[in-house]
Amino acid sequence: MLIDNADHRKYVATGLLIVLGVFLLYLLSIFFLALFGAYVFSFMFAPVYVWLKRKIGRDEVAALLTVFLILVVALAPLLTVCYVAFNQALTLQDKFDPQDFSVLFERFSPKVRASLDATVERLIQTFFTRVTEALPSVFSAVSNLVLSLFVMFFVMYYIFMNFHYVVIRSTEYLPFRQSNAIWLVRQFEHISRAILLGQILISCLQGFLGGVGFVIFGLPDAVLWGIIMAVLSLVPVVGTSLIWLPAGLYLLAHRDYYSGIGLLLWGGIVVSHIDNFVRPRLGKKLGNINPIVMLLGAFAGLQFFGIVGLVVGPFLLAFFLLLLQVYRQEYLGYPAPLGWADVLSTPPEE
């Protein structure tokens with residue numbers, strides 16, 4: 001052998017593993033969200049897979065049916081709604097008339113009004129020009145999304161097929177005692193459900209109610225604006241008000257007082273506060289993520305991952321805090337027991 005010393009062989013093997021590992025991480029970085037989603041969704045829907053496996057008795061069929069159910073129940077309605085919203089977005093420019101805003105400046109002098117009208121028209125033209133220029137990148141993003149979804153469902157199938165092995169390996173590769181590693185895997189499942197089910201369900205509900213408000217008070221493209229409100233509801237503090245508040249003021253400016261006041265009341269009371277009614281009930285089953293974790297994670301994730309980061313950011317921050325808890329207890333000697341306070345404001349019911 002070229003390297004006789006056992007320690008030298010160990011260093012060479014370690015170096016080789018590090019170099020190849022970094023290189024593979026770089027190659028797979030484009031599929032980070034797909035692999036991340038596969039791992040998270042596998043833990044979320046593991047009870048469905050276990051139930052199907054118990055009923056059917058075959059791992060392959062149970063895994064395939066679970067993936068198919070996720071595809072049909074979660075993805076098909078989402079793609080349908082996005083298709084309708086995309087068609088509405090394509091016709092949005094034709095419906096948009098800059099003169100609609102001129103009523104807002106009627107009380108100003110003719111000179112000021114003309115200047116403001118020109119500014120608004122220029123801003124609107126710039127906006128739609130940017131949107132048109134962005135269409136090729138949107139189509140590219142859609143093709144990348146399709147590829148990522150294929151990778152995600154493909155990996156999910158094999159995780160379900162070897163679910164117990166994946167769980168065991170996940171605890172073995174964590175650099176902590178077995179009890180702490182098992183605790184971390186359990187909390188990974190709780191965080192997945194609290195963020196992906198709790199937050200997404202509330203966001204979809206707020207977007208749906210926002211779209212209903214647009215229909216009730218006679219505003220067009222309710223599906224499109226409903227989806228936008230669902231996404232914006234993930235943004236802490238302001239959320240859906242970025243859409244329904246300007247829409248209500250727009251109606252008031254056009255002297256449609258009943259619809260304007262109605263939309264503002266609908267948005268301020270129903271849309272914005274529905275989470276205060278639903279979240280405690282979901283929290284009993286799923287747990288509630290600490291608001292500070294959601295706020296910081298959402299803004300950091302948005303900056304790094306784009307719109308998907310509104311979900312991924314809080315998840316990564318929450319899991320980091322859990323890792324920190326275990327590290328403090330195991331390696332720094334803190335006697336405090338592992339708790340929920342840093343991540344989950346309320347734990348789910350066992």
# chains A, B, ... in the order shown; residues from 1 in each chain; ligands from 1
$ residues_around --residues "Ser203 of chain A" --least-positions-apart "2" --cutoff "7 Å" --atoms "only C-alpha atoms" --output "ChimeraX atom specification"
/A:199-201,205-207,230-231,233-234
$ write_last_selection --atoms "C-alpha atoms" --output "compact mmCIF listing (two decimals), in the first residue's frame"
# COMPACT_ATOMS: atom_id res chain seq x y z
CA GLN A 199 -49.52 28.19 8.25
CA ILE A 200 -50.45 27.03 4.75
CA LEU A 201 -54.03 26.19 5.74
CA LEU A 205 -58.19 30.34 4.05
CA GLN A 206 -57.26 34.04 4.12
CA GLY A 207 -56.66 34.06 0.35
CA ALA A 230 -52.76 33.91 0.22
CA VAL A 231 -49.05 34.40 -0.51
CA SER A 233 -50.62 36.44 4.29
CA LEU A 234 -47.33 34.65 5.01
$ residues_around --residues "segment 240-245 of chain A" --least-positions-apart "2" --cutoff "10 Å" --atoms "only C-alpha atoms" --output "number ranges by chain"
A: 203, 206-207, 210-211, 213-214, 225-226, 228-238, 247-250, 260, 263-268, 271-272
$ residues_around --residues "Gly37 of chain A" --least-positions-apart "6" --cutoff "12 Å" --atoms "only C-alpha atoms" --output "PDB file with N, CA and C atoms, in the first residue's frame"
ATOM      1  N   PHE A  31     -31.423  21.235  -6.561  1.00  0.00           N
ATOM      2  CA  PHE A  31     -32.575  20.444  -6.133  1.00  0.00           C
ATOM      3  C   PHE A  31     -32.763  20.505  -4.618  1.00  0.00           C
ATOM      4  N   PHE A  43     -42.344  12.866   6.110  1.00  0.00           N
ATOM      5  CA  PHE A  43     -42.649  12.780   7.540  1.00  0.00           C
ATOM      6  C   PHE A  43     -44.095  13.183   7.815  1.00  0.00           C
ATOM      7  N   MET A  44     -44.583  14.174   7.072  1.00  0.00           N
ATOM      8  CA  MET A  44     -45.955  14.634   7.299  1.00  0.00           C
ATOM      9  C   MET A  44     -46.974  13.569   6.938  1.00  0.00           C
ATOM     10  N   PHE A  45     -46.743  12.883   5.813  1.00  0.00           N
ATOM     11  CA  PHE A  45     -47.728  11.916   5.308  1.00  0.00           C
ATOM     12  C   PHE A  45     -47.361  10.476   5.644  1.00  0.00           C
ATOM     13  N   SER A 148     -38.403  20.017 -10.514  1.00  0.00           N
ATOM     14  CA  SER A 148     -38.234  19.879  -9.069  1.00  0.00           C
ATOM     15  C   SER A 148     -39.346  19.028  -8.458  1.00  0.00           C
ATOM     16  N   LEU A 149     -40.581  19.210  -8.946  1.00  0.00           N
ATOM     17  CA  LEU A 149     -41.689  18.394  -8.440  1.00  0.00           C
ATOM     18  C   LEU A 149     -41.497  16.925  -8.787  1.00  0.00           C
ATOM     19  N   PHE A 150     -40.996  16.660 -10.000  1.00  0.00           N
ATOM     20  CA  PHE A 150     -40.716  15.275 -10.387  1.00  0.00           C
ATOM     21  C   PHE A 150     -39.682  14.659  -9.450  1.00  0.00           C
ATOM     22  N   VAL A 151     -38.600  15.404  -9.191  1.00  0.00           N
ATOM     23  CA  VAL A 151     -37.560  14.907  -8.283  1.00  0.00           C
ATOM     24  C   VAL A 151     -38.132  14.705  -6.890  1.00  0.00           C
ATOM     25  N   MET A 152     -38.956  15.647  -6.417  1.00  0.00           N
ATOM     26  CA  MET A 152     -39.514  15.559  -5.072  1.00  0.00           C
ATOM     27  C   MET A 152     -40.385  14.312  -4.915  1.00  0.00           C
ATOM     28  N   PHE A 153     -41.295  14.076  -5.857  1.00  0.00           N
ATOM     29  CA  PHE A 153     -42.177  12.920  -5.745  1.00  0.00           C
ATOM     30  C   PHE A 153     -41.413  11.608  -5.940  1.00  0.00           C
ATOM     31  N   PHE A 154     -40.408  11.625  -6.805  1.00  0.00           N
ATOM     32  CA  PHE A 154     -39.586  10.436  -7.016  1.00  0.00           C
ATOM     33  C   PHE A 154     -38.852  10.060  -5.733  1.00  0.00           C
ATOM     34  N   VAL A 155     -38.248  11.058  -5.076  1.00  0.00           N
ATOM     35  CA  VAL A 155     -37.523  10.802  -3.824  1.00  0.00           C
ATOM     36  C   VAL A 155     -38.495  10.407  -2.715  1.00  0.00           C
ATOM     37  N   MET A 156     -39.670  11.047  -2.690  1.00  0.00           N
ATOM     38  CA  MET A 156     -40.674  10.695  -1.675  1.00  0.00           C
ATOM     39  C   MET A 156     -41.067   9.228  -1.767  1.00  0.00           C
ATOM     40  N   ILE A 159     -38.389   7.220  -0.163  1.00  0.00           N
ATOM     41  CA  ILE A 159     -38.364   7.424   1.289  1.00  0.00           C
ATOM     42  C   ILE A 159     -39.477   6.617   1.942  1.00  0.00           C
ATOM     43  N   SER A 192     -42.806  20.445  10.986  1.00  0.00           N
ATOM     44  CA  SER A 192     -43.339  20.288   9.631  1.00  0.00           C
ATOM     45  C   SER A 192     -44.838  20.508   9.614  1.00  0.00           C
ATOM     46  N   LEU A 196     -46.151  23.777   7.760  1.00  0.00           N
ATOM     47  CA  LEU A 196     -46.706  23.469   6.449  1.00  0.00           C
ATOM     48  C   LEU A 196     -48.223  23.286   6.482  1.00  0.00           C
ATOM     49  N   VAL A 308     -40.737  31.077  -1.959  1.00  0.00           N
ATOM     50  CA  VAL A 308     -40.786  29.812  -1.222  1.00  0.00           C
ATOM     51  C   VAL A 308     -40.150  29.974   0.159  1.00  0.00           C
ATOM     52  N   VAL A 311     -41.914  30.015   3.656  1.00  0.00           N
ATOM     53  CA  VAL A 311     -42.169  28.777   4.397  1.00  0.00           C
ATOM     54  C   VAL A 311     -40.858  28.130   4.832  1.00  0.00           C
ATOM     55  N   VAL A 312     -39.880  28.076   3.911  1.00  0.00           N
ATOM     56  CA  VAL A 312     -38.614  27.397   4.199  1.00  0.00           C
ATOM     57  C   VAL A 312     -37.835  28.124   5.288  1.00  0.00           C
ATOM     58  N   PHE A 315     -38.970  27.389   8.844  1.00  0.00           N
ATOM     59  CA  PHE A 315     -38.679  25.986   9.142  1.00  0.00           C
ATOM     60  C   PHE A 315     -37.205  25.814   9.511  1.00  0.00           C
TER      61      PHE A 315
END
